[in-house]
file final-v1.pdb (PDB, C-alpha atoms)
ATOM      1  CA  MET A   1      85.252 111.030  92.468  1.00  0.00           C
ATOM      2  CA  PHE A   2      85.344 107.967  94.699  1.00  0.00           C
ATOM      3  CA  ARG A   3      83.204 108.101  97.848  1.00  0.00           C
ATOM      4  CA  LEU A   4      83.244 105.496 100.626  1.00  0.00           C
ATOM      5  CA  TRP A   5      80.730 105.450 103.479  1.00  0.00           C
ATOM      6  CA  GLY A   6      81.573 103.912 106.829  1.00  0.00           C
ATOM      7  CA  LYS A   7      79.168 103.505 109.717  1.00  0.00           C
ATOM      8  CA  LEU A   8      79.204 101.909 113.146  1.00  0.00           C
ATOM      9  CA  VAL A   9      75.999 100.069 114.008  1.00  0.00           C
ATOM     10  CA  LYS A  10      74.715  98.626 117.270  1.00  0.00           C
ATOM     11  CA  GLY A  11      71.349  96.899 117.075  1.00  0.00           C
ATOM     12  CA  SER A  12      69.347  98.971 114.629  1.00  0.00           C
ATOM     13  CA  LYS A  13      71.022 102.291 115.498  1.00  0.00           C
ATOM     14  CA  THR A  14      73.798 103.996 113.612  1.00  0.00           C
ATOM     15  CA  LEU A  15      76.249 105.214 116.241  1.00  0.00           C
ATOM     16  CA  ARG A  16      78.603 107.116 113.910  1.00  0.00           C
ATOM     17  CA  ASP A  17      79.086 107.523 110.209  1.00  0.00           C
ATOM     18  CA  THR A  18      81.380 109.329 107.811  1.00  0.00           C
ATOM     19  CA  VAL A  19      82.005 109.633 104.086  1.00  0.00           C
ATOM     20  CA  ILE A  20      85.536 109.604 102.697  1.00  0.00           C
ATOM     21  CA  GLU A  21      86.144 111.184  99.292  1.00  0.00           C
ATOM     22  CA  ASP A  22      89.136 110.331  97.134  1.00  0.00           C
ATOM     23  CA  SER A  23      89.863 112.032  93.834  1.00  0.00           C
ATOM     24  CA  SER A  24      93.383 110.629  93.490  1.00  0.00           C
ATOM     25  CA  SER A  25      94.523 108.500  90.586  1.00  0.00           C
ATOM     26  CA  ASP A  26      95.110 105.486  92.864  1.00  0.00           C
ATOM     27  CA  THR A  27      93.626 102.115  91.985  1.00  0.00           C
ATOM     28  CA  ARG A  28      90.172 101.183  93.282  1.00  0.00           C
ATOM     29  CA  THR A  29      91.768  98.779  95.777  1.00  0.00           C
ATOM     30  CA  HIS A  30      94.058 101.482  97.155  1.00  0.00           C
ATOM     31  CA  LYS A  31      91.148 103.901  97.447  1.00  0.00           C
ATOM     32  CA  ILE A  32      89.152 101.335  99.415  1.00  0.00           C
ATOM     33  CA  LEU A  33      92.027 100.455 101.733  1.00  0.00           C
ATOM     34  CA  ASN A  34      93.001 104.114 102.254  1.00  0.00           C
ATOM     35  CA  GLY A  35      89.353 104.995 102.891  1.00  0.00           C
ATOM     36  CA  LEU A  36      88.947 102.204 105.426  1.00  0.00           C
ATOM     37  CA  THR A  37      92.122 103.335 107.197  1.00  0.00           C
ATOM     38  CA  GLU A  38      90.812 106.918 107.367  1.00  0.00           C
ATOM     39  CA  ILE A  39      87.401 105.778 108.627  1.00  0.00           C
ATOM     40  CA  CYS A  40      89.041 103.721 111.371  1.00  0.00           C
ATOM     41  CA  TYR A  41      91.255 106.678 112.287  1.00  0.00           C
ATOM     42  CA  GLN A  42      88.212 108.956 112.602  1.00  0.00           C
ATOM     43  CA  PHE A  43      86.373 106.350 114.714  1.00  0.00           C
ATOM     44  CA  ASP A  44      89.512 105.557 116.792  1.00  0.00           C
ATOM     45  CA  LEU A  45      89.427 101.878 115.779  1.00  0.00           C
ATOM     46  CA  SER A  46      92.035  99.380 114.743  1.00  0.00           C
ATOM     47  CA  VAL A  47      91.792  98.522 111.052  1.00  0.00           C
ATOM     48  CA  PRO A  48      89.795  95.293 110.627  1.00  0.00           C
ATOM     49  CA  ILE A  49      91.096  92.184 108.906  1.00  0.00           C
ATOM     50  CA  TRP A  50      89.574  91.390 105.505  1.00  0.00           C
ATOM     51  CA  LEU A  51      88.238  87.827 105.518  1.00  0.00           C
ATOM     52  CA  ASP A  52      87.317  85.939 102.340  1.00  0.00           C
ATOM     53  CA  SER A  53      83.625  86.581 103.069  1.00  0.00           C
ATOM     54  CA  ASN A  54      84.252  90.352 103.231  1.00  0.00           C
ATOM     55  CA  ILE A  55      86.087  90.318  99.926  1.00  0.00           C
ATOM     56  CA  ALA A  56      83.306  88.320  98.240  1.00  0.00           C
ATOM     57  CA  ASP A  57      80.581  90.640  99.634  1.00  0.00           C
ATOM     58  CA  PHE A  58      82.470  93.715  98.537  1.00  0.00           C
ATOM     59  CA  LYS A  59      83.065  92.411  95.024  1.00  0.00           C
ATOM     60  CA  HIS A  60      79.398  91.540  94.492  1.00  0.00           C
ATOM     61  CA  ARG A  61      77.532  94.237  96.428  1.00  0.00           C
ATOM     62  CA  LYS A  62      80.060  97.077  96.855  1.00  0.00           C
ATOM     63  CA  LYS A  63      79.614  96.808 100.603  1.00  0.00           C
ATOM     64  CA  THR A  64      80.583  94.604 103.513  1.00  0.00           C
ATOM     65  CA  ARG A  65      80.277  94.356 107.282  1.00  0.00           C
ATOM     66  CA  PHE A  66      83.150  93.910 109.685  1.00  0.00           C
ATOM     67  CA  THR A  67      82.070  92.182 112.911  1.00  0.00           C
ATOM     68  CA  SER A  68      84.006  91.247 116.044  1.00  0.00           C
ATOM     69  CA  ASP A  69      85.616  88.383 114.053  1.00  0.00           C
ATOM     70  CA  ASN A  70      87.452  90.990 111.940  1.00  0.00           C
ATOM     71  CA  PHE A  71      88.937  92.975 114.818  1.00  0.00           C
ATOM     72  CA  ILE A  72      91.821  92.050 117.097  1.00  0.00           C
ATOM     73  CA  ASP A  73      90.524  94.393 119.816  1.00  0.00           C
ATOM     74  CA  SER A  74      87.125  93.986 121.444  1.00  0.00           C
ATOM     75  CA  ILE A  75      84.456  96.231 119.963  1.00  0.00           C
ATOM     76  CA  GLU A  76      81.466  97.955 121.533  1.00  0.00           C
ATOM     77  CA  PHE A  77      79.259  97.895 118.445  1.00  0.00           C
ATOM     78  CA  ASP A  78      77.775  95.117 116.321  1.00  0.00           C
ATOM     79  CA  PHE A  79      79.510  95.917 113.042  1.00  0.00           C
ATOM     80  CA  LEU A  80      81.321  98.448 110.901  1.00  0.00           C
ATOM     81  CA  GLU A  81      79.672  98.681 107.496  1.00  0.00           C
ATOM     82  CA  LEU A  82      81.648  99.881 104.495  1.00  0.00           C
ATOM     83  CA  SER A  83      79.815 100.914 101.300  1.00  0.00           C
ATOM     84  CA  VAL A  84      80.893 102.460  98.029  1.00  0.00           C
ATOM     85  CA  LEU A  85      78.622 105.436  97.295  1.00  0.00           C
ATOM     86  CA  GLU A  86      80.250 106.639  94.107  1.00  0.00           C
ATOM     87  CA  GLU A  87      82.992 105.348  91.836  1.00  0.00           C
ATOM     88  CA  ASP A  88      85.036 107.085  89.198  1.00  0.00           C
ATOM     89  CA  GLY A  89      83.408 106.833  85.802  1.00  0.00           C
ATOM     90  CA  TYR A  90      80.038 105.548  87.069  1.00  0.00           C
TER      91      TYR A  90
END
call {"tool": "encode", "arguments": {"input": "final-v1.pdb", "output": "structure tokens"}}
result
Amino acid sequence: MFRLWGKLVKGSKTLRDTVIEDSSSDTRTHKILNGLTEICYQFDLSVPIWLDSNIADFKHRKKTRFTSDNFIDSIEFDFLELSVLEEDGY
């Protein structure tokens, strides 16, 4: 089972959060991208743009933060944090 946690944060408060589960046979990359798309759908957000810094964070720490630099639209929170909670085979 692959589980991805997304949360919207403003200051030190979590405004919203959700966990997306994926038991498909997709690749890890597809599971992450599909999970992010679902999280953004649930939060009524545009899907953020992955910058090189996001990719590096995610590869090393299994989590990253998307700030206003990642979104085309203006946002009313400080960041969207994406974290892997559980991966297949781990």
call {"tool": "closest_residue", "arguments": {"input": "final-v1.pdb", "among": "A:Ser83, A:Thr67, A:Ser12, A:Thr29", "to": "A:Ser53", "atoms": "only C-alpha atoms"}}
result
A:Thr67
call {"tool": "residues_around", "arguments": {"input": "final-v1.pdb", "residues": "A:Met1", "least_positions_apart": "4", "cutoff": "9 Å", "atoms": "only C-alpha atoms", "output": "ChimeraX atom specification"}}
result
/A:21-24,86-89
call {"tool": "write_last_selection", "arguments": {"input": "final-v1.pdb", "atoms": "C-alpha atoms", "output": "compact mmCIF listing (two decimals), in the coordinates of the input"}}
result
# COMPACT_ATOMS: atom_id res chain seq x y z
CA GLU A 21 86.14 111.18 99.29
CA ASP A 22 89.14 110.33 97.13
CA SER A 23 89.86 112.03 93.83
CA SER A 24 93.38 110.63 93.49
CA GLU A 86 80.25 106.64 94.11
CA GLU A 87 82.99 105.35 91.84
CA ASP A 88 85.04 107.08 89.20
CA GLY A 89 83.41 106.83 85.80
call {"tool": "resolve_selection", "arguments": {"input": "final-v1.pdb", "expression": "the PyMOL selection byres ((chain A and resi 85) around 9)", "output": "PDB file with C-alpha atoms, keeping the file's coordinate frame"}}
result
ATOM      1  CA  PHE A   2      85.344 107.967  94.699  1.00  0.00           C
ATOM      2  CA  ARG A   3      83.204 108.101  97.848  1.00  0.00           C
ATOM      3  CA  LEU A   4      83.244 105.496 100.626  1.00  0.00           C
ATOM      4  CA  TRP A   5      80.730 105.450 103.479  1.00  0.00           C
ATOM      5  CA  VAL A  19      82.005 109.633 104.086  1.00  0.00           C
ATOM      6  CA  LYS A  62      80.060  97.077  96.855  1.00  0.00           C
ATOM      7  CA  SER A  83      79.815 100.914 101.300  1.00  0.00           C
ATOM      8  CA  VAL A  84      80.893 102.460  98.029  1.00  0.00           C
ATOM      9  CA  GLU A  86      80.250 106.639  94.107  1.00  0.00           C
ATOM     10  CA  GLU A  87      82.992 105.348  91.836  1.00  0.00           C
TER      11      GLU A  87
END
call {"tool": "atom_distance", "arguments": {"input": "final-v1.pdb", "atom1": "atom CA of A:Arg61", "atom2": "atom CA of A:His30"}}
result
18.1 Å
call {"tool": "residues_around", "arguments": {"input": "final-v1.pdb", "residues": "stretch 68-70 of chain A", "least_positions_apart": "5", "cutoff": "9 Å", "atoms": "all atoms listed in the file", "output": "list of chain:residue names"}}
result
A:Val47, A:Pro48, A:Ile49, A:Trp50, A:Leu51, A:Ile75, A:Phe77, A:Asp78, A:Phe79
call {"tool": "residues_around", "arguments": {"input": "final-v1.pdb", "residues": "A:Thr64", "least_positions_apart": "6", "cutoff": "6 Å", "atoms": "all atoms listed in the file", "output": "list in words"}}
result
Asn54, Asp57, Phe58, Glu81 and Leu82 of chain A
call {"tool": "atom_distance", "arguments": {"input": "final-v1.pdb", "atom1": "atom CA of A:Ile72", "atom2": "atom CA of A:Gly35"}}
result
19.4 Å
call {"tool": "closest_residue", "arguments": {"input": "final-v1.pdb", "among": "A:Asp52, A:Val9, A:Leu45, A:Leu15", "to": "A:Ser74", "atoms": "only C-alpha atoms"}}
result
A:Leu45
call {"tool": "axis_aligned_box", "arguments": {"input": "final-v1.pdb", "around": "stretch 72-88 of chain A", "padding_each_side": "8 Å", "output": "JSON"}}
result
{"center_x": 84.8, "center_y": 99.6, "center_z": 105.4, "size_x": 30.0, "size_y": 31.0, "size_z": 48.3}
call {"tool": "atom_distance", "arguments": {"input": "final-v1.pdb", "atom1": "atom CA of A:Asp73", "atom2": "atom CA of A:Asp26"}}
result
29.5 Å
call {"tool": "closest_residue", "arguments": {"input": "final-v1.pdb", "among": "A:Phe43, A:Ile32, A:Lys63, A:Glu38", "to": "A:Asp17", "atoms": "only C-alpha atoms"}}
result
A:Phe43
call {"tool": "closest_residue", "arguments": {"input": "final-v1.pdb", "among": "A:Lys31, A:His60, A:Ser46, A:Ile20", "to": "A:Lys7", "atoms": "all atoms listed in the file"}}
result
A:Ile20
call {"tool": "closest_residue", "arguments": {"input": "final-v1.pdb", "among": "A:Thr18, A:Ile55, A:Phe66, A:Glu76", "to": "A:Gly6", "atoms": "only C-alpha atoms"}}
result
A:Thr18
